[in-house]
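Asks: Take this structure first; my questions come after.
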Amino acid sequence: MSAEKMDELLSIIGPEVTRQNTNYRAAVEPKQRLAVGLRYLASGDSLISLAFNYRLCHTTVMNSVHMVCAAIEKVMMQTFLPRPTEDTWKEVAQRFWEKWNFPNCLGAIDGKHIVIQAPPLSGSLYFNYKKTFSIVLLALVDADYRFRCIQVGDFGRRSDGGVYSSSDLEREMENNTLHVPPRTSLPGAAQLGDVPHVMVGDAAFPLKPYLMRPYPGHNLIPRKRIFNYRLLRARMVVENAFGILASRWRIFHRRINLHPQNVDRLVVAACILHNFLLAPSENVRLLEEAEELGGHMAPVGHMGGNRASREACAVRESFATFFISPEGTVSWQDRMV
């Protein structure tokens, strides 16, 4: 983070982390509280280690981390992670078509496990298939690696129970309360009829009229293999976003030793800061670092049922047909399948 960005962040959340001096002691300066909070996110060091480094008591360091994360969520959420509008969705869809050659795309969706210390008296609620304790981060990402919708806090054990199926995002998509643009024809392919705007996910997600997943199986016909390649190419933005997030905030490479409620707030703050600091010039470097560090967050397994409706299958067929048409094809796709 540059000094200019640090000062900008301090000017935004400074009033929220300022405390009054008393007759007994001077309050910790807002800049120092912010430095402690960011250091905890960026290094993954323990609170005890930070207390020694900054010559503060353990309680002050812990309170500073909680205050900074709470202030970021309270003050910056509406600016850097706002609720999408219809104009926002249209802009996202246009960027996906221009950058990743996937039309009518609202974003790429995926879920990851955030490893935490086992909470006391929690039993197996947070125990996941990777034999660790975790909470789940479900995120929808646009074409420029920016988080558009997130949901944090599902139990790690729910990876096989359908995290997406019980999420607020799925419910709002079903009820059409997210201001999603109406059906439109694909670029230059009016003969295929109007197609809804969709999200793209991997095979862990269910097939819905508004959520595309790959065709299952191995011995697929060329049209289906091309669709799977084009969907995978668009879906990689969410994997890259998680890679940038974990590369910048190394706390996600460690087991987070906080109460789950505080972990939820920390993850939300990290996603907001990700959007705040996102710069195309740094993305390549952070992705290379993420690749060197290896796996950072375990993927969530089964996200919902596999029984798709006829409408959802018809939407996927329309995209598959479009990708082999003269209007939707790209020159290199035949070499990639």
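Quick note on naming: the chains in the structure tokens go A, B, ... in the order shown, residues restart at 1 in each chain, and ligands are numbered from 1 in order of appearance.
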Each residue of region 215-320 of chain A with at least one atom at most 9 Å from region 140-149 of chain A should appear once, together with its nearest atom pair and the corresponding distance in Å (one decimal); atoms considered: only C-alpha atoms; ordering: chain, then increasing residue number; output as a tab-separated table.

Replies:
```
residue	atom	partner	partner_atom	distance
A:Ala234	CA	A:Ala143	CA	7.9
A:Val237	CA	A:Tyr145	CA	5.8
A:Val238	CA	A:Val141	CA	5.5
A:Glu239	CA	A:Tyr145	CA	8.9
A:Asn240	CA	A:Tyr145	CA	6.9
A:Ala241	CA	A:Tyr145	CA	4.9
A:Phe242	CA	A:Tyr145	CA	8.6
A:Ile244	CA	A:Tyr145	CA	8.5
A:Cys271	CA	A:Phe147	CA	7.0
A:Ile272	CA	A:Phe147	CA	8.0
A:His274	CA	A:Arg146	CA	7.7
A:Asn275	CA	A:Arg146	CA	5.7
A:Leu278	CA	A:Arg146	CA	7.5
A:Pro280	CA	A:Asp144	CA	8.2
A:Asn283	CA	A:Tyr145	CA	8.8
```

Asks: Quick one: everything within 10 Å of Gly188 (chain A), counting only C-alpha atoms, minus sequence neighbours fewer than 5 positions away in the same chain. Send it as an NGL selection string.

Replies: :A and (322 or 325-328)

Asks: Please, could you write that set of residues out with N, CA and C atoms as a short mmCIF file (atom, residue, chain, number, x, y, z; two decimals), in the first residue's frame?

Replies:
```cif
data_model
loop_
_atom_site.label_atom_id
_atom_site.label_comp_id
_atom_site.auth_asym_id
_atom_site.auth_seq_id
_atom_site.Cartn_x
_atom_site.Cartn_y
_atom_site.Cartn_z
N PHE A 322 -24.36 -20.19 -29.69
CA PHE A 322 -23.79 -18.87 -29.99
C PHE A 322 -22.27 -18.93 -30.12
N SER A 325 -21.17 -19.96 -33.51
CA SER A 325 -21.71 -19.17 -34.61
C SER A 325 -20.67 -18.13 -35.04
N PRO A 326 -20.78 -17.58 -36.24
CA PRO A 326 -19.82 -16.56 -36.68
C PRO A 326 -19.79 -15.34 -35.77
N GLU A 327 -20.92 -15.01 -35.15
CA GLU A 327 -20.97 -13.83 -34.29
C GLU A 327 -20.29 -14.06 -32.94
N GLY A 328 -20.28 -15.31 -32.45
CA GLY A 328 -19.79 -15.57 -31.11
C GLY A 328 -18.48 -16.30 -31.02
#
```

Asks: Determine which residues of region 134-273 of chain A receive a DSSP assignment of strand (DSSP E), computed from the backbone, and state them as a PyMOL selection string.

Replies: chain A and resi 134-141+147-155+184-186+189-195+198-200+211-212

Asks: Of the candidates A:Leu258, A:Leu277, A:Cys313, A:Ile226, which one gets nearest to Gln333 (chain A) if we count only C-alpha atoms?

Replies: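 The answer is A:Ile226, which sits nearest to Gln333 (chain A).
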
Asks: Measuring between only C-alpha atoms, which one of A:Pro214, A:Asp194, A:Val92, A:Ile251 shows the shortest distance to Ala320 (chain A)?

Replies: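 Closest to Ala320 (chain A), using only C-alpha atoms: A:Pro214.
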
Asks: Of the candidates A:Gln151, A:Phe276, A:Met336, A:Tyr229, which shows the shortest atom-to-atom distance to Ile12 (chain A), using only C-alpha atoms?

Replies: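 The answer is A:Phe276, which sits nearest to Ile12 (chain A).
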
Asks: Can you tell me which residues surround region 24-33 of chain A at a distance of at most 6 Å, considering only C-alpha atoms, apart from same-chain residues fewer than 5 positions away, and format the answer as a list in words?

Replies: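 Returned residues: Gly14, Val17, Thr18, Arg19 and Ser64 of chain A.
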
Asks: Could you write out that same residue set with N, CA, C and O atoms as a compact mmCIF listing (two decimals), in the first residue's frame?

Replies:
```
# COMPACT_ATOMS: atom_id res chain seq x y z
N GLY A 14 -10.58 7.41 9.88
CA GLY A 14 -9.93 8.00 11.05
C GLY A 14 -10.89 8.37 12.17
O GLY A 14 -10.66 7.99 13.34
N VAL A 17 -11.95 5.42 14.44
CA VAL A 17 -10.98 4.74 15.31
C VAL A 17 -10.29 5.72 16.25
O VAL A 17 -9.29 5.38 16.86
N THR A 18 -10.82 6.92 16.35
CA THR A 18 -10.25 7.92 17.26
C THR A 18 -10.90 7.79 18.64
O THR A 18 -12.14 7.68 18.73
N ARG A 19 -10.10 7.79 19.67
CA ARG A 19 -10.59 7.73 21.04
C ARG A 19 -10.09 8.95 21.82
O ARG A 19 -9.03 9.51 21.52
N SER A 64 -7.58 -2.87 18.44
CA SER A 64 -7.28 -2.07 17.24
C SER A 64 -7.67 -2.83 15.98
O SER A 64 -8.25 -2.25 15.05
```

Asks: Can you measure CA of Met6 (chain A) to CA of His259 (chain A) for me? One decimal in Å is fine.

Replies: 27.1 Å

Asks: Write out as a JSON list (two decimals) with N, CA and C atoms, in the first residue's frame all residues of region 205-303 of chain A that backbone DSSP assigns to alpha helix (DSSP H).

Replies:
```
[["chain", "number", "residue", "atom", "x", "y", "z"],
["A", 222, "PRO", "N", -17.77, -31.48, -29.89],
["A", 222, "PRO", "CA", -17.01, -30.22, -29.94],
["A", 222, "PRO", "C", -17.79, -29.00, -29.44],
["A", 223, "ARG", "N", -19.08, -28.91, -29.76],
["A", 223, "ARG", "CA", -19.86, -27.75, -29.35],
["A", 223, "ARG", "C", -19.88, -27.61, -27.83],
["A", 224, "LYS", "N", -20.03, -28.73, -27.13],
["A", 224, "LYS", "CA", -20.07, -28.69, -25.67],
["A", 224, "LYS", "C", -18.67, -28.42, -25.09],
["A", 225, "ARG", "N", -17.64, -28.96, -25.72],
["A", 225, "ARG", "CA", -16.27, -28.69, -25.24],
["A", 225, "ARG", "C", -15.93, -27.21, -25.38],
["A", 226, "ILE", "N", -16.37, -26.61, -26.49],
["A", 226, "ILE", "CA", -16.13, -25.17, -26.70],
["A", 226, "ILE", "C", -16.88, -24.35, -25.65],
["A", 227, "PHE", "N", -18.12, -24.73, -25.35],
["A", 227, "PHE", "CA", -18.85, -24.02, -24.30],
["A", 227, "PHE", "C", -18.12, -24.11, -22.96],
["A", 228, "ASN", "N", -17.64, -25.32, -22.62],
["A", 228, "ASN", "CA", -16.93, -25.49, -21.35],
["A", 228, "ASN", "C", -15.66, -24.64, -21.30],
["A", 229, "TYR", "N", -14.95, -24.55, -22.43],
["A", 229, "TYR", "CA", -13.75, -23.72, -22.46],
["A", 229, "TYR", "C", -14.09, -22.25, -22.27],
["A", 230, "ARG", "N", -15.12, -21.77, -22.97],
["A", 230, "ARG", "CA", -15.48, -20.35, -22.87],
["A", 230, "ARG", "C", -15.98, -20.02, -21.47],
["A", 231, "LEU", "N", -16.73, -20.95, -20.86],
["A", 231, "LEU", "CA", -17.20, -20.71, -19.50],
["A", 231, "LEU", "C", -16.02, -20.73, -18.52],
["A", 232, "LEU", "N", -15.10, -21.68, -18.70],
["A", 232, "LEU", "CA", -13.92, -21.74, -17.82],
["A", 232, "LEU", "C", -13.10, -20.47, -17.92],
["A", 233, "ARG", "N", -12.96, -19.95, -19.13],
["A", 233, "ARG", "CA", -12.17, -18.73, -19.34],
["A", 233, "ARG", "C", -12.79, -17.54, -18.61],
["A", 234, "ALA", "N", -14.12, -17.45, -18.64],
["A", 234, "ALA", "CA", -14.80, -16.37, -17.93],
["A", 234, "ALA", "C", -14.77, -16.60, -16.43],
["A", 235, "ARG", "N", -14.85, -17.86, -16.01],
["A", 235, "ARG", "CA", -14.92, -18.16, -14.58],
["A", 235, "ARG", "C", -13.59, -17.97, -13.85],
["A", 236, "MET", "N", -12.49, -17.97, -14.59],
["A", 236, "MET", "CA", -11.18, -17.85, -13.95],
["A", 236, "MET", "C", -10.99, -16.52, -13.24],
["A", 237, "VAL", "N", -11.82, -15.52, -13.54],
["A", 237, "VAL", "CA", -11.65, -14.22, -12.88],
["A", 237, "VAL", "C", -11.90, -14.34, -11.39],
["A", 238, "VAL", "N", -12.81, -15.22, -10.97],
["A", 238, "VAL", "CA", -13.06, -15.34, -9.53],
["A", 238, "VAL", "C", -11.90, -16.05, -8.85],
["A", 239, "GLU", "N", -11.28, -17.02, -9.52],
["A", 239, "GLU", "CA", -10.09, -17.67, -8.96],
["A", 239, "GLU", "C", -8.95, -16.67, -8.85],
["A", 240, "ASN", "N", -8.80, -15.82, -9.87],
["A", 240, "ASN", "CA", -7.75, -14.80, -9.82],
["A", 240, "ASN", "C", -8.02, -13.79, -8.72],
["A", 241, "ALA", "N", -9.28, -13.43, -8.51],
["A", 241, "ALA", "CA", -9.62, -12.48, -7.45],
["A", 241, "ALA", "C", -9.27, -13.05, -6.08],
["A", 242, "PHE", "N", -9.58, -14.32, -5.86],
["A", 242, "PHE", "CA", -9.20, -14.95, -4.59],
["A", 242, "PHE", "C", -7.68, -15.02, -4.45],
["A", 243, "GLY", "N", -6.98, -15.27, -5.56],
["A", 243, "GLY", "CA", -5.52, -15.29, -5.52],
["A", 243, "GLY", "C", -4.93, -13.95, -5.14],
["A", 244, "ILE", "N", -5.46, -12.87, -5.74],
["A", 244, "ILE", "CA", -4.99, -11.52, -5.40],
["A", 244, "ILE", "C", -5.30, -11.19, -3.95],
["A", 245, "LEU", "N", -6.50, -11.57, -3.50],
["A", 245, "LEU", "CA", -6.90, -11.31, -2.12],
["A", 245, "LEU", "C", -5.95, -11.97, -1.13],
["A", 246, "ALA", "N", -5.64, -13.25, -1.36],
["A", 246, "ALA", "CA", -4.78, -13.97, -0.42],
["A", 246, "ALA", "C", -3.32, -13.57, -0.56],
["A", 247, "SER", "N", -2.91, -13.11, -1.75],
["A", 247, "SER", "CA", -1.54, -12.67, -1.93],
["A", 247, "SER", "C", -1.29, -11.34, -1.23],
["A", 248, "ARG", "N", -2.28, -10.47, -1.25],
["A", 248, "ARG", "CA", -2.12, -9.17, -0.58],
["A", 248, "ARG", "C", -2.31, -9.29, 0.92],
["A", 260, "PRO", "N", -15.42, -16.52, 15.51],
["A", 260, "PRO", "CA", -16.01, -16.52, 14.16],
["A", 260, "PRO", "C", -16.71, -15.22, 13.79],
["A", 261, "GLN", "N", -17.37, -14.56, 14.73],
["A", 261, "GLN", "CA", -18.03, -13.30, 14.41],
["A", 261, "GLN", "C", -17.02, -12.24, 14.00],
["A", 262, "ASN", "N", -15.86, -12.23, 14.66],
["A", 262, "ASN", "CA", -14.80, -11.27, 14.29],
["A", 262, "ASN", "C", -14.12, -11.67, 12.99],
["A", 263, "VAL", "N", -14.06, -12.97, 12.71],
["A", 263, "VAL", "CA", -13.51, -13.43, 11.43],
["A", 263, "VAL", "C", -14.40, -12.96, 10.28],
["A", 264, "ASP", "N", -15.72, -13.04, 10.46],
["A", 264, "ASP", "CA", -16.64, -12.56, 9.43],
["A", 264, "ASP", "C", -16.36, -11.10, 9.09],
["A", 265, "ARG", "N", -16.19, -10.28, 10.13],
["A", 265, "ARG", "CA", -15.94, -8.85, 9.92],
["A", 265, "ARG", "C", -14.58, -8.63, 9.26],
["A", 266, "LEU", "N", -13.60, -9.44, 9.64],
["A", 266, "LEU", "CA", -12.26, -9.32, 9.04],
["A", 266, "LEU", "C", -12.31, -9.65, 7.55],
["A", 267, "VAL", "N", -13.03, -10.70, 7.17],
["A", 267, "VAL", "CA", -13.10, -11.10, 5.76],
["A", 267, "VAL", "C", -13.81, -10.03, 4.94],
["A", 268, "VAL", "N", -14.90, -9.48, 5.47],
["A", 268, "VAL", "CA", -15.60, -8.41, 4.77],
["A", 268, "VAL", "C", -14.69, -7.21, 4.58],
["A", 269, "ALA", "N", -13.94, -6.84, 5.63],
["A", 269, "ALA", "CA", -13.02, -5.70, 5.54],
["A", 269, "ALA", "C", -11.94, -5.96, 4.50],
["A", 270, "ALA", "N", -11.42, -7.20, 4.45],
["A", 270, "ALA", "CA", -10.38, -7.53, 3.46],
["A", 270, "ALA", "C", -10.92, -7.42, 2.04],
["A", 271, "CYS", "N", -12.17, -7.84, 1.81],
["A", 271, "CYS", "CA", -12.76, -7.74, 0.47],
["A", 271, "CYS", "C", -12.99, -6.29, 0.08],
["A", 272, "ILE", "N", -13.41, -5.45, 1.04],
["A", 272, "ILE", "CA", -13.59, -4.02, 0.75],
["A", 272, "ILE", "C", -12.25, -3.38, 0.43],
["A", 273, "LEU", "N", -11.21, -3.70, 1.21],
["A", 273, "LEU", "CA", -9.88, -3.15, 0.92],
["A", 273, "LEU", "C", -9.35, -3.66, -0.41],
["A", 274, "HIS", "N", -9.69, -4.89, -0.77],
["A", 274, "HIS", "CA", -9.31, -5.41, -2.08],
["A", 274, "HIS", "C", -9.84, -4.52, -3.20],
["A", 275, "ASN", "N", -11.12, -4.15, -3.11],
["A", 275, "ASN", "CA", -11.71, -3.26, -4.11],
["A", 275, "ASN", "C", -11.09, -1.86, -4.03],
["A", 276, "PHE", "N", -10.80, -1.40, -2.83],
["A", 276, "PHE", "CA", -10.22, -0.07, -2.63],
["A", 276, "PHE", "C", -8.83, 0.03, -3.25],
["A", 277, "LEU", "N", -8.04, -1.04, -3.16],
["A", 277, "LEU", "CA", -6.65, -1.01, -3.62],
["A", 277, "LEU", "C", -6.45, -1.59, -5.01],
["A", 280, "PRO", "N", -4.84, -2.38, -11.95],
["A", 280, "PRO", "CA", -4.41, -3.31, -13.00],
["A", 280, "PRO", "C", -2.90, -3.52, -13.04],
["A", 281, "SER", "N", -2.13, -2.50, -12.70],
["A", 281, "SER", "CA", -0.67, -2.62, -12.77],
["A", 281, "SER", "C", -0.11, -3.59, -11.74],
["A", 282, "GLU", "N", -0.85, -3.83, -10.66],
["A", 282, "GLU", "CA", -0.37, -4.72, -9.61],
["A", 282, "GLU", "C", -0.94, -6.13, -9.71],
["A", 283, "ASN", "N", -1.98, -6.32, -10.51],
["A", 283, "ASN", "CA", -2.66, -7.61, -10.54],
["A", 283, "ASN", "C", -1.74, -8.74, -10.99],
["A", 284, "VAL", "N", -0.92, -8.50, -12.02],
["A", 284, "VAL", "CA", -0.04, -9.55, -12.54],
["A", 284, "VAL", "C", 0.97, -9.98, -11.48],
["A", 285, "ARG", "N", 1.56, -8.99, -10.80],
["A", 285, "ARG", "CA", 2.54, -9.31, -9.76],
["A", 285, "ARG", "C", 1.91, -10.12, -8.62],
["A", 286, "LEU", "N", 0.73, -9.72, -8.18],
["A", 286, "LEU", "CA", 0.07, -10.42, -7.09],
["A", 286, "LEU", "C", -0.35, -11.83, -7.50],
["A", 287, "LEU", "N", -0.77, -12.01, -8.76],
["A", 287, "LEU", "CA", -1.14, -13.35, -9.23],
["A", 287, "LEU", "C", 0.08, -14.26, -9.30],
["A", 288, "GLU", "N", 1.23, -13.70, -9.71],
["A", 288, "GLU", "CA", 2.46, -14.50, -9.73],
["A", 288, "GLU", "C", 2.87, -14.90, -8.32],
["A", 289, "GLU", "N", 2.73, -13.99, -7.37],
["A", 289, "GLU", "CA", 3.04, -14.33, -5.98],
["A", 289, "GLU", "C", 2.09, -15.41, -5.47],
["A", 290, "ALA", "N", 0.82, -15.30, -5.81],
["A", 290, "ALA", "CA", -0.15, -16.29, -5.37],
["A", 290, "ALA", "C", 0.18, -17.68, -5.93],
["A", 291, "GLU", "N", 0.65, -17.72, -7.18],
["A", 291, "GLU", "CA", 1.01, -19.00, -7.79],
["A", 291, "GLU", "C", 2.23, -19.61, -7.11],
["A", 292, "GLU", "N", 3.19, -18.76, -6.72],
["A", 292, "GLU", "CA", 4.38, -19.26, -6.02],
["A", 292, "GLU", "C", 4.04, -19.79, -4.63],
["A", 293, "LEU", "N", 3.07, -19.13, -3.97],
["A", 293, "LEU", "CA", 2.70, -19.54, -2.62],
["A", 293, "LEU", "C", 1.85, -20.81, -2.61]]
```

Asks: Just want the 9 Å neighbourhood of Ser46 (chain A), counted on only C-alpha atoms, with same-chain residues fewer than 6 positions away dropped. Output as a ChimeraX atom specification.

Replies: /A:40,256-257

Asks: One decimal, in Å: what's the spacing between CA of Pro84 (chain A) and CA of Leu106 (chain A)?

Replies: 10.3 Å

Asks: Mind checking which residues fall within 9 Å of Phe127 (chain A), counting only C-alpha atoms, ignoring those fewer than 3 positions away in the same chain, and posting them as a VMD selection string?

Replies: chain A and resid 118 123 to 124 130 to 135 155 to 158

Asks: Which residue gives the smallest distance to Leu41 (chain A) among A:Leu169, A:Thr88, A:Pro119, A:Trp249, with only C-alpha atoms counted?

Replies: A:Trp249

Asks: Calculated over only C-alpha atoms, which of the candidates A:Leu220, A:Met1, A:Leu56, A:Cys105 has the smallest distance to Val180 (chain A)?

Replies: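 Nearest to Val180 (chain A): A:Cys105.
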